[in-house]
Structures are given as structure tokens and as C-alpha cells.
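Trainee: Take this structure, written in C-alpha cells, and hold onto it; I'll ask about it next.
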Amino acid sequence: MTKSKSLYHLTLAGVLCAIGIIIPMFSPVKITLDPMSFTLASHVAIFLALFISPSVGVAVSLGTTLGFFLGGFPLPVVLRALTHVIWAGLGAAYLCQHPALIDFKQEVPARGVKLVAFGAALSVIHALAEVCVCVPVYFGQGLSGAELVRIILLLVFVGSFVHSMVDYAISLLIWPPASGTLRKSTKTAY
């Protein structure tokens, strides 16, 4: 990677980190189901970052985690945010091998099915990683079995999966015009 492209990716990562930190702080669309909360579009910056490259995806995931930490969020929330590094890195690595999937200027057979499958796979990984963080937190609280199932399976796993898929869909709507702008600014920057 050239020095100017590295700087360009660093700049994109910085902007996406800022967006990823600002959305949870100021979004008017928040759903709170104790003990979880879901903020619409809070993963969009990470999805856009992983569409760009693995390093940008991981950097934005780490940056947004730092934002949650510095924002004084509880440790389980910060650790849930840290798990985003896993699915962002895996998703970006997959897209490095299959770049045509998100290049809407190219023809890809059954693109819609492949995009849904890709988003669902990332969302399952996302949800499982967050479950892994939440299990130790909630098991030590003396909750009943039914309450643990409600929290871990319904709120954390299903909630994270649905939230991830919604944010992924938003990202796919934003990506085509954004990627066209990125390509134009990349060409003029060099």
C-alpha cells in the first residue's frame, strides 16, 4: 500500500470512528429492553469500514470501543463493543477474497442472496461474540433459568442478530453512493 493510500485509509478510519462514537451518543432511535439497549445505525460506521479494508474495519471497531470506554459506559458494554473487532475483521477478510460482492458496478450472479447470507453470517458471529461477553456477567447474578434464557438468548443473541442485520441493511443502502465517491477521491488524490 502506498503512503498516500495509507494516509487516505487512516483519514477514512478517523472519520468513521467519529461517526461510530457520535451515533450511540446522540441517536434519537434507541430501544431499551433492560438490561440491553439497541441504537439504530450504531454499527453502520463499522460495516462501512469493513467494506473498505480489514485494517480500516479493525481500526474503526477499536476506535468505537475506545469511545464507549472513554464515554464511561459499563464494562460489559465496552467489552461487547470490543467483540466488533472479530466480525469486522472476518467480514473484511472475506470481502478481500470476494471484492465484487460489494462492487455494485460489476455483475454478480445472485448478489442479493449472497449479500443476505454474508450479512446473516456476520450477524451470527456478532451475536455469538456478544453472548460470550454477557454469559459470565449474568450467570453470577442469581437469576432464574427463565430470566437467563430471556436475557442471553432473546435479548443478547436475537437482539444483537436483528440489530446487526438492520444496521447492515442501512450500510448497504449507503455504500453504493459512498463507494463511488471514495473511488473518485482516490483517483484524484494520487
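Ordering of the C-alpha cells sets the chain letters (A, B, ...); residue numbers start at 1 within each chain; ligands are numbered from 1 in the order shown.
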Mind checking DSSP for chain A and telling me the alpha helix (DSSP H) residues as a ChimeraX atom specification?
Mentor: /A:3-26,44-52,54-70,75-82,84-97,111-139,145-149,159-189
Trainee: Kindly save the residues from that selection, with C-alpha atoms included, as a compact mmCIF listing (two decimals), in the first residue's frame.
Mentor:
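Writing done, so here's again17.txt:
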```txt
# COMPACT_ATOMS: atom_id res chain seq x y z
CA LYS A 3 1.95 6.08 1.65
CA SER A 4 -0.83 8.28 0.28
CA LYS A 5 -3.30 5.37 0.25
CA SER A 6 -2.36 4.53 3.85
CA LEU A 7 -2.96 8.13 4.86
CA TYR A 8 -6.27 8.11 3.00
CA HIS A 9 -7.37 4.94 4.81
CA LEU A 10 -6.25 6.43 8.13
CA THR A 11 -8.36 9.51 7.42
CA LEU A 12 -11.38 7.37 6.50
CA ALA A 13 -10.92 5.34 9.68
CA GLY A 14 -10.81 8.52 11.75
CA VAL A 15 -13.99 9.90 10.20
CA LEU A 16 -15.80 6.58 10.60
CA CYS A 17 -14.60 6.29 14.23
CA ALA A 18 -16.06 9.72 14.93
CA ILE A 19 -19.36 8.74 13.31
CA GLY A 20 -19.36 5.43 15.20
CA ILE A 21 -18.87 7.25 18.51
CA ILE A 22 -21.37 10.04 17.84
CA ILE A 23 -24.30 7.85 16.71
CA PRO A 24 -24.76 6.00 20.05
CA MET A 25 -24.40 9.26 21.96
CA PHE A 26 -26.94 11.33 20.04
CA VAL A 44 -23.09 1.39 10.27
CA ALA A 45 -19.65 3.01 10.57
CA ILE A 46 -18.09 -0.39 11.28
CA PHE A 47 -19.85 -2.01 8.31
CA LEU A 48 -18.73 0.79 6.00
CA ALA A 49 -15.20 0.45 7.36
CA LEU A 50 -15.06 -3.29 6.74
CA PHE A 51 -16.29 -2.65 3.19
CA ILE A 52 -13.15 -0.51 2.70
CA PRO A 54 -9.58 -5.12 7.02
CA SER A 55 -7.30 -2.54 8.61
CA VAL A 56 -9.97 0.18 8.42
CA GLY A 57 -12.61 -2.25 9.76
CA VAL A 58 -10.49 -3.25 12.74
CA ALA A 59 -9.35 0.33 13.40
CA VAL A 60 -12.92 1.65 13.47
CA SER A 61 -14.01 -1.22 15.74
CA LEU A 62 -11.19 -0.38 18.16
CA GLY A 63 -11.92 3.34 17.90
CA THR A 64 -15.59 2.94 18.70
CA THR A 65 -14.69 0.64 21.61
CA LEU A 66 -12.38 3.35 22.94
CA GLY A 67 -15.26 5.81 22.57
CA PHE A 68 -17.51 3.62 24.72
CA PHE A 69 -14.72 3.26 27.30
CA LEU A 70 -13.96 7.00 27.45
CA LEU A 75 -17.55 -2.64 31.30
CA PRO A 76 -19.95 -5.20 29.71
CA VAL A 77 -20.95 -2.60 27.09
CA VAL A 78 -17.29 -1.79 26.37
CA LEU A 79 -16.47 -5.50 26.06
CA ARG A 80 -19.45 -6.05 23.75
CA ALA A 81 -18.12 -3.22 21.58
CA LEU A 82 -14.67 -4.82 21.59
CA HIS A 84 -16.90 -5.99 16.96
CA VAL A 85 -13.23 -6.37 16.05
CA ILE A 86 -13.89 -10.08 15.45
CA TRP A 87 -16.75 -9.81 12.97
CA ALA A 88 -15.39 -6.69 11.30
CA GLY A 89 -12.02 -8.35 10.72
CA LEU A 90 -13.59 -11.58 9.46
CA GLY A 91 -16.05 -9.75 7.22
CA ALA A 92 -13.37 -7.52 5.73
CA ALA A 93 -11.08 -10.50 5.14
CA TYR A 94 -13.91 -12.28 3.30
CA LEU A 95 -14.54 -9.21 1.15
CA CYS A 96 -10.84 -9.08 0.25
CA GLN A 97 -11.33 -12.51 -1.31
CA ARG A 111 -25.83 -10.92 -5.48
CA GLY A 112 -28.89 -10.34 -3.28
CA VAL A 113 -28.82 -13.86 -1.84
CA LYS A 114 -25.05 -13.65 -1.31
CA LEU A 115 -25.35 -10.27 0.42
CA VAL A 116 -28.07 -11.55 2.75
CA ALA A 117 -26.02 -14.68 3.53
CA PHE A 118 -22.91 -12.57 4.19
CA GLY A 119 -24.85 -10.22 6.49
CA ALA A 120 -26.51 -13.13 8.30
CA ALA A 121 -23.16 -14.87 8.84
CA LEU A 122 -21.61 -11.68 10.24
CA SER A 123 -24.67 -11.10 12.41
CA VAL A 124 -24.48 -14.61 13.88
CA ILE A 125 -20.78 -14.11 14.67
CA HIS A 126 -21.62 -10.70 16.14
CA ALA A 127 -24.40 -12.13 18.31
CA LEU A 128 -22.36 -15.12 19.49
CA ALA A 129 -19.42 -12.90 20.46
CA GLU A 130 -21.71 -10.66 22.49
CA VAL A 131 -23.29 -13.71 24.16
CA CYS A 132 -19.79 -14.84 25.17
CA VAL A 133 -19.24 -11.49 26.90
CA CYS A 134 -22.65 -11.44 28.59
CA VAL A 135 -22.78 -15.04 29.88
CA PRO A 136 -20.24 -14.51 32.70
CA VAL A 137 -21.83 -11.18 33.61
CA TYR A 138 -25.36 -12.53 34.06
CA PHE A 139 -24.66 -16.03 35.39
CA GLY A 145 -33.23 -20.07 34.38
CA ALA A 146 -36.11 -18.41 32.53
CA GLU A 147 -34.64 -14.97 33.14
CA LEU A 148 -31.20 -16.10 31.91
CA VAL A 149 -32.76 -17.53 28.75
CA GLY A 159 -31.48 -8.77 19.67
CA SER A 160 -27.87 -8.46 18.50
CA PHE A 161 -28.61 -10.50 15.38
CA VAL A 162 -31.62 -8.37 14.37
CA HIS A 163 -29.84 -5.13 15.27
CA SER A 164 -26.82 -6.17 13.22
CA MET A 165 -28.95 -7.10 10.19
CA VAL A 166 -30.82 -3.78 10.30
CA ASP A 167 -27.57 -1.81 10.50
CA TYR A 168 -26.10 -3.97 7.72
CA ALA A 169 -29.09 -3.14 5.51
CA ILE A 170 -28.61 0.58 6.21
CA SER A 171 -24.92 0.20 5.34
CA LEU A 172 -25.77 -1.47 2.04
CA LEU A 173 -28.02 1.48 1.18
CA ILE A 174 -25.26 3.97 1.97
CA TRP A 175 -22.37 2.03 0.38
CA PRO A 176 -23.08 2.39 -3.37
CA PRO A 177 -23.04 6.21 -3.43
CA ALA A 178 -20.29 6.37 -0.80
CA SER A 179 -18.06 3.90 -2.64
CA GLY A 180 -18.48 5.89 -5.85
CA THR A 181 -17.28 8.98 -4.00
CA LEU A 182 -14.40 7.04 -2.47
CA ARG A 183 -13.29 5.82 -5.88
CA LYS A 184 -13.41 9.34 -7.32
CA SER A 185 -11.47 10.87 -4.45
CA THR A 186 -8.93 8.02 -4.55
CA LYS A 187 -8.28 8.69 -8.25
CA THR A 188 -7.87 12.42 -7.75
CA ALA A 189 -5.71 12.03 -4.63
```
Trainee: When DSSP works through the backbone of this structure, what residues of chain A end up as strand (DSSP E), shown as a list in words?
Mentor: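 Residues of chain A classed as strand (DSSP E): Lys30, Ile31, Thr32, Leu33, Met36, Ser37, Phe38 and Thr39 of chain A.
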Trainee: Write a file of the just-selected residues containing N, CA, C and O atoms, as a PDB file, in the first residue's frame.
Mentor:
```
ATOM      1  N   LYS A  30     -33.452   4.801  19.978  1.00  0.00           N
ATOM      2  CA  LYS A  30     -32.854   3.834  20.889  1.00  0.00           C
ATOM      3  C   LYS A  30     -33.957   2.973  21.470  1.00  0.00           C
ATOM      4  O   LYS A  30     -35.003   3.476  21.866  1.00  0.00           O
ATOM      5  N   ILE A  31     -33.701   1.671  21.509  1.00  0.00           N
ATOM      6  CA  ILE A  31     -34.645   0.740  22.125  1.00  0.00           C
ATOM      7  C   ILE A  31     -33.955   0.163  23.348  1.00  0.00           C
ATOM      8  O   ILE A  31     -32.872  -0.415  23.242  1.00  0.00           O
ATOM      9  N   THR A  32     -34.574   0.316  24.495  1.00  0.00           N
ATOM     10  CA  THR A  32     -34.008  -0.214  25.720  1.00  0.00           C
ATOM     11  C   THR A  32     -34.915  -1.309  26.243  1.00  0.00           C
ATOM     12  O   THR A  32     -36.104  -1.077  26.507  1.00  0.00           O
ATOM     13  N   LEU A  33     -34.361  -2.505  26.349  1.00  0.00           N
ATOM     14  CA  LEU A  33     -35.038  -3.654  26.949  1.00  0.00           C
ATOM     15  C   LEU A  33     -34.097  -4.141  28.041  1.00  0.00           C
ATOM     16  O   LEU A  33     -33.150  -4.863  27.758  1.00  0.00           O
ATOM     17  N   MET A  36     -30.464  -4.545  28.192  1.00  0.00           N
ATOM     18  CA  MET A  36     -29.813  -4.223  26.924  1.00  0.00           C
ATOM     19  C   MET A  36     -30.405  -2.954  26.322  1.00  0.00           C
ATOM     20  O   MET A  36     -31.531  -2.582  26.615  1.00  0.00           O
ATOM     21  N   SER A  37     -29.608  -2.333  25.453  1.00  0.00           N
ATOM     22  CA  SER A  37     -30.118  -1.225  24.659  1.00  0.00           C
ATOM     23  C   SER A  37     -29.590  -1.376  23.239  1.00  0.00           C
ATOM     24  O   SER A  37     -28.489  -1.891  23.031  1.00  0.00           O
ATOM     25  N   PHE A  38     -30.392  -0.961  22.291  1.00  0.00           N
ATOM     26  CA  PHE A  38     -30.047  -1.067  20.876  1.00  0.00           C
ATOM     27  C   PHE A  38     -30.256   0.294  20.237  1.00  0.00           C
ATOM     28  O   PHE A  38     -31.342   0.861  20.338  1.00  0.00           O
ATOM     29  N   THR A  39     -29.214   0.809  19.605  1.00  0.00           N
ATOM     30  CA  THR A  39     -29.270   2.117  18.972  1.00  0.00           C
ATOM     31  C   THR A  39     -29.200   1.937  17.464  1.00  0.00           C
ATOM     32  O   THR A  39     -28.220   1.383  16.948  1.00  0.00           O
TER      33      THR A  39
END
```
Trainee: One number please: atom CA of A:Pro28 to atom CA of A:Thr83, in Å, one decimal.
Mentor: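 Atom-to-atom, atom CA of A:Pro28 and atom CA of A:Thr83 are spaced 24.4 Å apart.
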